[in-house]
>>> print(open('coords.cif').read())   # mmCIF, C-alpha atoms
data_structure
#
loop_
_atom_site.label_atom_id
_atom_site.label_comp_id
_atom_site.auth_asym_id
_atom_site.auth_seq_id
_atom_site.Cartn_x
_atom_site.Cartn_y
_atom_site.Cartn_z
CA LEU A 223 105.31 101.54 114.53
CA ASN A 224 108.34 103.62 113.56
CA GLY A 225 106.22 106.48 112.26
CA ALA A 226 103.71 104.38 110.30
CA ILE A 227 101.03 105.98 112.43
CA PHE A 228 100.72 108.52 115.20
CA THR A 229 97.84 110.03 117.10
CA ASP A 230 96.56 113.43 118.12
CA ASP A 231 95.93 114.46 121.72
CA ASN A 232 92.60 112.62 121.66
CA GLY A 233 94.05 109.35 120.41
CA LYS A 234 92.79 109.79 116.85
CA PHE A 235 94.99 108.06 114.26
CA LEU A 236 96.80 110.44 111.91
CA HIS A 237 98.62 109.78 108.64
CA PRO A 238 98.62 105.96 108.60
CA TYR A 239 101.10 104.55 106.07
CA SER A 240 100.23 100.95 105.27
CA LEU A 241 102.61 98.76 103.31
CA PRO A 242 101.96 98.22 99.57
CA PHE A 243 99.82 95.15 98.88
CA HIS A 244 102.20 93.45 96.43
CA LEU A 245 105.21 93.92 98.70
CA VAL A 246 103.36 92.47 101.69
CA GLN A 247 102.60 89.40 99.60
CA ASN A 248 106.20 89.14 98.38
CA ILE A 249 107.76 89.51 101.84
CA ILE A 250 105.44 86.94 103.39
CA ALA A 251 106.05 84.48 100.55
CA TYR A 252 109.81 84.98 100.90
CA CYS A 253 109.71 84.35 104.65
CA LYS A 254 107.46 81.31 104.37
CA HIS A 255 109.64 79.75 101.69
CA ARG A 256 112.74 80.16 103.87
CA GLN A 257 110.97 79.45 107.17
CA ILE A 258 111.83 82.86 108.60
CA ASN A 259 109.64 84.03 111.46
CA TYR A 260 107.66 87.21 110.92
CA ALA A 261 104.86 89.25 112.50
CA LEU A 262 102.35 91.74 111.11
CA MET A 263 101.38 94.93 112.91
CA SER A 264 98.20 96.92 112.41
CA ALA A 265 97.21 100.08 114.27
CA LYS A 266 95.79 98.06 117.17
CA ARG A 267 96.94 94.47 116.81
CA TYR A 268 100.12 92.40 116.68
CA TYR A 269 99.86 89.17 114.67
CA VAL A 270 102.29 86.26 115.10
CA GLU A 271 102.37 82.57 114.18
CA ASN A 272 101.79 81.34 117.73
CA PRO A 273 100.91 84.05 120.29
CA LYS A 274 101.58 81.89 123.35
CA THR A 275 104.97 80.65 122.14
CA TYR A 276 105.92 84.13 120.93
CA LEU A 277 105.13 85.76 124.27
CA GLN A 278 107.16 83.12 126.11
CA HIS A 279 110.09 83.76 123.74
CA VAL A 280 109.94 87.53 124.26
CA LEU A 281 109.69 87.21 128.02
CA SER A 282 112.68 84.86 128.19
CA ALA A 283 114.80 86.96 125.82
CA SER A 284 114.05 90.42 127.21
CA SER A 285 115.70 92.19 130.12
CA LEU A 286 112.46 94.10 130.74
CA HIS A 287 110.17 93.12 133.58
CA ALA A 288 107.95 90.18 132.59
CA ASP A 289 104.78 91.76 133.98
CA TYR A 290 105.37 94.93 131.93
CA LEU A 291 105.79 92.97 128.71
CA ALA A 292 102.79 90.75 129.41
CA ASP A 293 100.62 93.84 129.99
CA ARG A 294 102.04 95.56 126.91
CA PHE A 295 101.16 92.71 124.57
CA LYS A 296 97.78 92.32 126.22
CA GLU A 297 97.07 95.97 125.42
CA GLU A 298 98.42 95.63 121.87
CA GLY A 299 96.21 92.63 121.24
CA LEU A 300 98.52 89.73 120.43
CA ARG A 301 96.77 87.62 117.79
CA SER A 302 97.45 84.72 115.44
CA LEU A 303 98.56 85.43 111.86
CA ARG A 304 95.56 83.37 110.75
CA ASP A 305 93.33 86.19 112.05
CA PHE A 306 94.83 88.75 109.67
CA SER A 307 93.08 88.79 106.32
CA ILE A 308 95.42 90.59 103.92
CA GLN A 309 93.43 92.60 101.39
CA GLU A 310 93.85 95.85 99.47
CA ASN A 311 91.85 97.68 102.16
CA ASN A 312 93.36 95.79 105.09
CA LEU A 313 97.14 95.96 105.04
CA PRO A 314 99.74 95.88 107.82
CA LEU A 315 101.56 99.04 108.81
CA LYS A 316 104.70 97.15 109.72
CA ILE A 317 106.28 93.73 109.23
CA MET A 318 108.66 92.44 111.89
CA ILE A 319 111.24 89.80 111.02
CA PHE A 320 112.50 87.58 113.87
CA ALA A 321 115.57 85.64 112.82
CA LYS A 322 117.23 82.64 114.36
CA GLU A 323 120.60 83.82 113.04
CA PRO A 324 121.98 87.00 111.40
CA SER A 325 122.11 85.42 107.95
CA GLU A 326 118.30 85.41 107.87
CA THR A 327 117.97 89.15 108.44
CA GLU A 328 120.76 89.76 105.93
CA SER A 329 118.89 87.62 103.41
CA VAL A 330 115.61 89.51 103.80
CA ARG A 331 117.34 92.89 103.68
CA ALA A 332 119.24 91.95 100.53
CA ALA A 333 116.06 90.72 98.85
CA PHE A 334 114.06 93.91 99.46
CA GLN A 335 116.48 96.76 100.14
CA LYS A 336 116.15 98.10 96.58
CA GLU A 337 112.38 98.53 96.92
CA LYS A 338 111.88 102.31 96.95
CA ASP A 339 108.52 102.00 98.73
CA LEU A 340 110.11 100.36 101.78
CA SER A 341 112.08 101.44 104.82
CA ILE A 342 114.05 98.55 106.37
CA THR A 343 115.70 99.09 109.72
CA SER A 344 116.27 97.21 112.97
CA SER A 345 116.62 97.49 116.71
CA HIS A 346 118.53 94.23 117.20
CA LEU A 347 120.92 91.97 115.31
CA LEU A 348 118.21 89.33 114.88
CA ASN A 349 115.29 91.50 113.84
CA LEU A 350 114.19 93.69 110.96
CA GLU A 351 111.42 96.30 110.94
CA ILE A 352 109.84 96.91 107.55
CA THR A 353 107.54 99.88 106.93
CA ARG A 354 106.58 102.13 104.05
CA TYR A 355 109.39 104.53 103.14
CA GLN A 356 107.46 107.53 104.54
CA ALA A 357 107.03 105.72 107.84
CA THR A 358 110.20 106.52 109.75
CA LYS A 359 110.45 108.13 113.15
CA GLY A 360 112.18 111.16 111.67
CA ALA A 361 109.57 111.69 108.96
CA ALA A 362 106.70 111.29 111.43
CA LEU A 363 108.30 113.74 113.83
CA LYS A 364 108.80 116.33 111.08
CA THR A 365 105.15 116.04 110.08
CA TYR A 366 104.00 116.29 113.68
CA ILE A 367 106.03 119.37 114.63
CA ALA A 368 105.02 121.12 111.39
CA GLU A 369 101.37 120.64 112.30
CA LYS A 370 102.06 121.92 115.82
CA GLY A 371 104.01 124.94 114.60
CA TYR A 372 107.38 123.97 116.09
CA GLN A 373 110.82 124.26 114.51
CA ALA A 374 113.43 121.49 114.40
CA ASP A 375 115.61 123.32 116.93
CA GLU A 376 112.74 123.23 119.45
CA VAL A 377 112.75 119.44 119.55
CA ILE A 378 114.92 116.95 121.43
CA THR A 379 115.38 113.45 120.05
CA ILE A 380 117.09 110.58 121.86
CA GLY A 381 117.81 107.13 120.47
CA ASP A 382 120.03 104.08 120.58
CA SER A 383 119.02 101.75 117.73
CA LEU A 384 119.17 101.80 113.95
CA ASN A 385 115.43 102.47 113.78
CA ASP A 386 116.19 105.80 115.51
CA LEU A 387 118.66 107.01 112.87
CA SER A 388 116.13 109.06 110.92
CA MET A 389 115.36 111.23 113.95
CA LEU A 390 119.00 111.59 114.98
CA LYS A 391 120.31 112.87 111.64
CA ASP A 392 118.06 115.87 110.99
CA PHE A 393 117.55 117.47 114.41
CA PRO A 394 120.18 119.72 116.00
CA HIS A 395 119.29 118.61 119.54
CA ALA A 396 119.62 114.88 118.86
CA TYR A 397 121.29 112.61 121.40
CA ALA A 398 122.61 109.09 120.92
CA MET A 399 122.98 106.99 124.04
CA ALA A 400 126.55 106.14 125.02
CA ASN A 401 125.75 102.45 124.51
CA ALA A 402 123.92 103.06 121.21
CA HIS A 403 124.65 101.43 117.88
CA PRO A 404 127.86 102.96 116.41
CA GLU A 405 125.96 104.42 113.46
CA CYS A 406 123.66 106.29 115.86
CA ILE A 407 126.61 107.73 117.76
CA LYS A 408 128.16 108.82 114.47
CA ALA A 409 124.92 110.44 113.24
CA ALA A 410 123.86 112.32 116.37
CA PRO A 411 125.42 115.70 117.22
CA HIS A 412 125.26 114.95 120.97
CA LEU A 413 126.01 112.00 123.23
CA ALA A 414 123.93 111.04 126.26
CA PRO A 415 125.08 108.81 129.11
CA SER A 416 124.22 105.12 128.78
CA ASN A 417 120.61 104.08 129.31
CA LEU A 418 122.02 101.82 132.01
CA CYS A 419 122.79 105.04 133.90
CA ASP A 420 119.42 106.76 133.30
CA GLY A 421 120.97 108.70 130.45
CA VAL A 422 117.66 110.03 129.13
CA GLY A 423 116.77 111.40 132.55
CA GLN A 424 120.18 113.01 132.90
CA VAL A 425 119.82 114.79 129.54
CA ILE A 426 116.35 116.07 130.38
CA GLU A 427 117.43 117.28 133.83
CA GLN A 428 120.44 119.10 132.35
CA LEU A 429 118.37 120.77 129.63
CA LEU A 430 115.76 121.88 132.16
CA ALA A 431 118.50 123.22 134.46
CA ASN A 432 120.03 125.18 131.57
CA HIS A 433 116.62 126.58 130.61
CA LEU A 434 115.91 127.74 134.17
CA HIS A 435 119.38 129.27 134.43
CA CYS A 436 118.77 131.33 131.28
CA GLN A 437 115.46 132.76 132.53
#
>>> encode(input="coords.cif", output="structure tokens")
Amino acid sequence: LNGAIFTDDNGKFLHPYSLPFHLVQNIIAYCKHRQINYALMSAKRYYVENPKTYLQHVLSASSLHADYLADRFKEEGLRSLRDFSIQENNLPLKIMIFAKEPSETESVRAAFQKEKDLSITSSHLLNLEITRYQATKGAALKTYIAEKGYQADEVITIGDSLNDLSMLKDFPHAYAMANAHPECIKAAPHLAPSNLCDGVGQVIEQLLANHLHCQ
């Protein structure tokens, strides 16, 4: 959820940042008026217009193994948007925009990018991820390590998409994948091999080897 919520070691939800009520209403109205597909995410559920059609679309569009994705959405609880009753005490933590063409994501971003209460990012050309402004991966990670007593230079962050930017900018041991979005590569102080070459594993192995060598 891009930092909208995280859990402790026992799975207890910590620091949930739900979206403001009036902005949820405005975003949904905007999407409905322009027939732009969207989904709502709570702490435990994922709400879409048509769960069956949505799952088929994701499975056909993704390079990930179909069984993995099917199990993932089963665990997340894929539900119909009609099941989500939007109220002041029941608000989504994240809104996902699924566009048919880039102009749709550009339209939504332009309409809401000046809202100071929102963080709008993406992991793909045809999607947007909208959360409360405090709910970024970088902000969540800073809160988490502060509670655990760690310093920023004791943390490794690795990312490849625009929704990873917040945790690549402010940590000295941040790695962008070689095939990451150009803005990620520009922001991160280090570069990891492509994720097509197990780049994350290579970085971890190298860091562990360096640590053992220094002991």
>>> atom_distance(input="coords.cif", atom1="atom CA of A:Leu241", atom2="atom CA of A:Asn272")
22.6 Å
>>> resolve_selection(input="coords.cif", expression="the PyMOL selection byres ((chain A and resi 374-381) around 12)", output="number ranges by chain")
A: 345, 359-361, 363-368, 370-373, 382-407, 409-417, 421-426, 429-430
>>> residues_around(input="coords.cif", residues="A:Phe320", least_positions_apart="4", cutoff="9 Å", atoms="all atoms listed in the file", output="mmCIF file with C-alpha atoms, keeping the file's coordinate frame")
data_model
loop_
_atom_site.group_PDB
_atom_site.id
_atom_site.type_symbol
_atom_site.label_atom_id
_atom_site.label_comp_id
_atom_site.auth_asym_id
_atom_site.auth_seq_id
_atom_site.Cartn_x
_atom_site.Cartn_y
_atom_site.Cartn_z
ATOM 1 C CA ILE A 258 111.830 82.860 108.600
ATOM 2 C CA ASN A 259 109.640 84.030 111.460
ATOM 3 C CA TYR A 260 107.660 87.210 110.920
ATOM 4 C CA ALA A 261 104.860 89.250 112.500
ATOM 5 C CA GLU A 326 118.300 85.410 107.870
ATOM 6 C CA THR A 327 117.970 89.150 108.440
ATOM 7 C CA LEU A 348 118.210 89.330 114.880
ATOM 8 C CA ASN A 349 115.290 91.500 113.840
ATOM 9 C CA LEU A 350 114.190 93.690 110.960
#
>>> closest_residue(input="coords.cif", among="A:Tyr252, A:Lys322, A:Tyr239, A:Ser302", to="A:Leu340", atoms="only C-alpha atoms")
A:Tyr239
>>> atom_distance(input="coords.cif", atom1="atom CA of A:Glu337", atom2="atom CA of A:His255")
19.6 Å
>>> residues_near_point(input="coords.cif", point="(100.3, 95.2, 112.4)", cutoff="12 Å", atoms="all atoms listed in the file", output="PyMOL selection string")
chain A and resi 223-224+226-227+238-241+246+260-270+298-303+305-308+312-318+351-353
>>> atom_distance(input="coords.cif", atom1="atom CA of A:Gln257", atom2="atom CA of A:Glu328")
14.3 Å
>>> decode(input="coords.cif", residues="stretch 344-371 of chain A", atoms="C-alpha atoms", output="PDB file, in the first residue's frame")
ATOM      1  CA  SER A 344       2.903   4.960 -10.415  1.00  0.00           C
ATOM      2  CA  SER A 345       4.595   1.676 -11.194  1.00  0.00           C
ATOM      3  CA  HIS A 346       3.542   1.522 -14.852  1.00  0.00           C
ATOM      4  CA  LEU A 347       2.694   3.866 -17.715  1.00  0.00           C
ATOM      5  CA  LEU A 348      -0.990   2.922 -17.497  1.00  0.00           C
ATOM      6  CA  ASN A 349      -1.519   3.068 -13.754  1.00  0.00           C
ATOM      7  CA  LEU A 350      -1.576   5.593 -10.931  1.00  0.00           C
ATOM      8  CA  GLU A 351      -1.352   4.911  -7.200  1.00  0.00           C
ATOM      9  CA  ILE A 352      -3.013   7.517  -5.007  1.00  0.00           C
ATOM     10  CA  THR A 353      -2.454   7.608  -1.242  1.00  0.00           C
ATOM     11  CA  ARG A 354      -2.381  10.191   1.519  1.00  0.00           C
ATOM     12  CA  TYR A 355       0.734  12.367   1.322  1.00  0.00           C
ATOM     13  CA  GLN A 356       2.231  10.747   4.460  1.00  0.00           C
ATOM     14  CA  ALA A 357       1.785   7.319   2.896  1.00  0.00           C
ATOM     15  CA  THR A 358       4.912   6.837   0.826  1.00  0.00           C
ATOM     16  CA  LYS A 359       7.389   4.004   1.080  1.00  0.00           C
ATOM     17  CA  GLY A 360      10.116   6.392   2.195  1.00  0.00           C
ATOM     18  CA  ALA A 361       8.011   7.988   4.935  1.00  0.00           C
ATOM     19  CA  ALA A 362       6.840   4.601   6.216  1.00  0.00           C
ATOM     20  CA  LEU A 363      10.399   3.291   6.278  1.00  0.00           C
ATOM     21  CA  LYS A 364      11.636   6.332   8.205  1.00  0.00           C
ATOM     22  CA  THR A 365       8.897   5.860  10.800  1.00  0.00           C
ATOM     23  CA  TYR A 366       9.618   2.157  11.085  1.00  0.00           C
ATOM     24  CA  ILE A 367      13.386   2.420  11.555  1.00  0.00           C
ATOM     25  CA  ALA A 368      12.946   5.246  14.075  1.00  0.00           C
ATOM     26  CA  GLU A 369      10.723   3.001  16.169  1.00  0.00           C
ATOM     27  CA  LYS A 370      13.261   0.181  15.873  1.00  0.00           C
ATOM     28  CA  GLY A 371      16.202   2.402  16.760  1.00  0.00           C
TER      29      GLY A 371
END
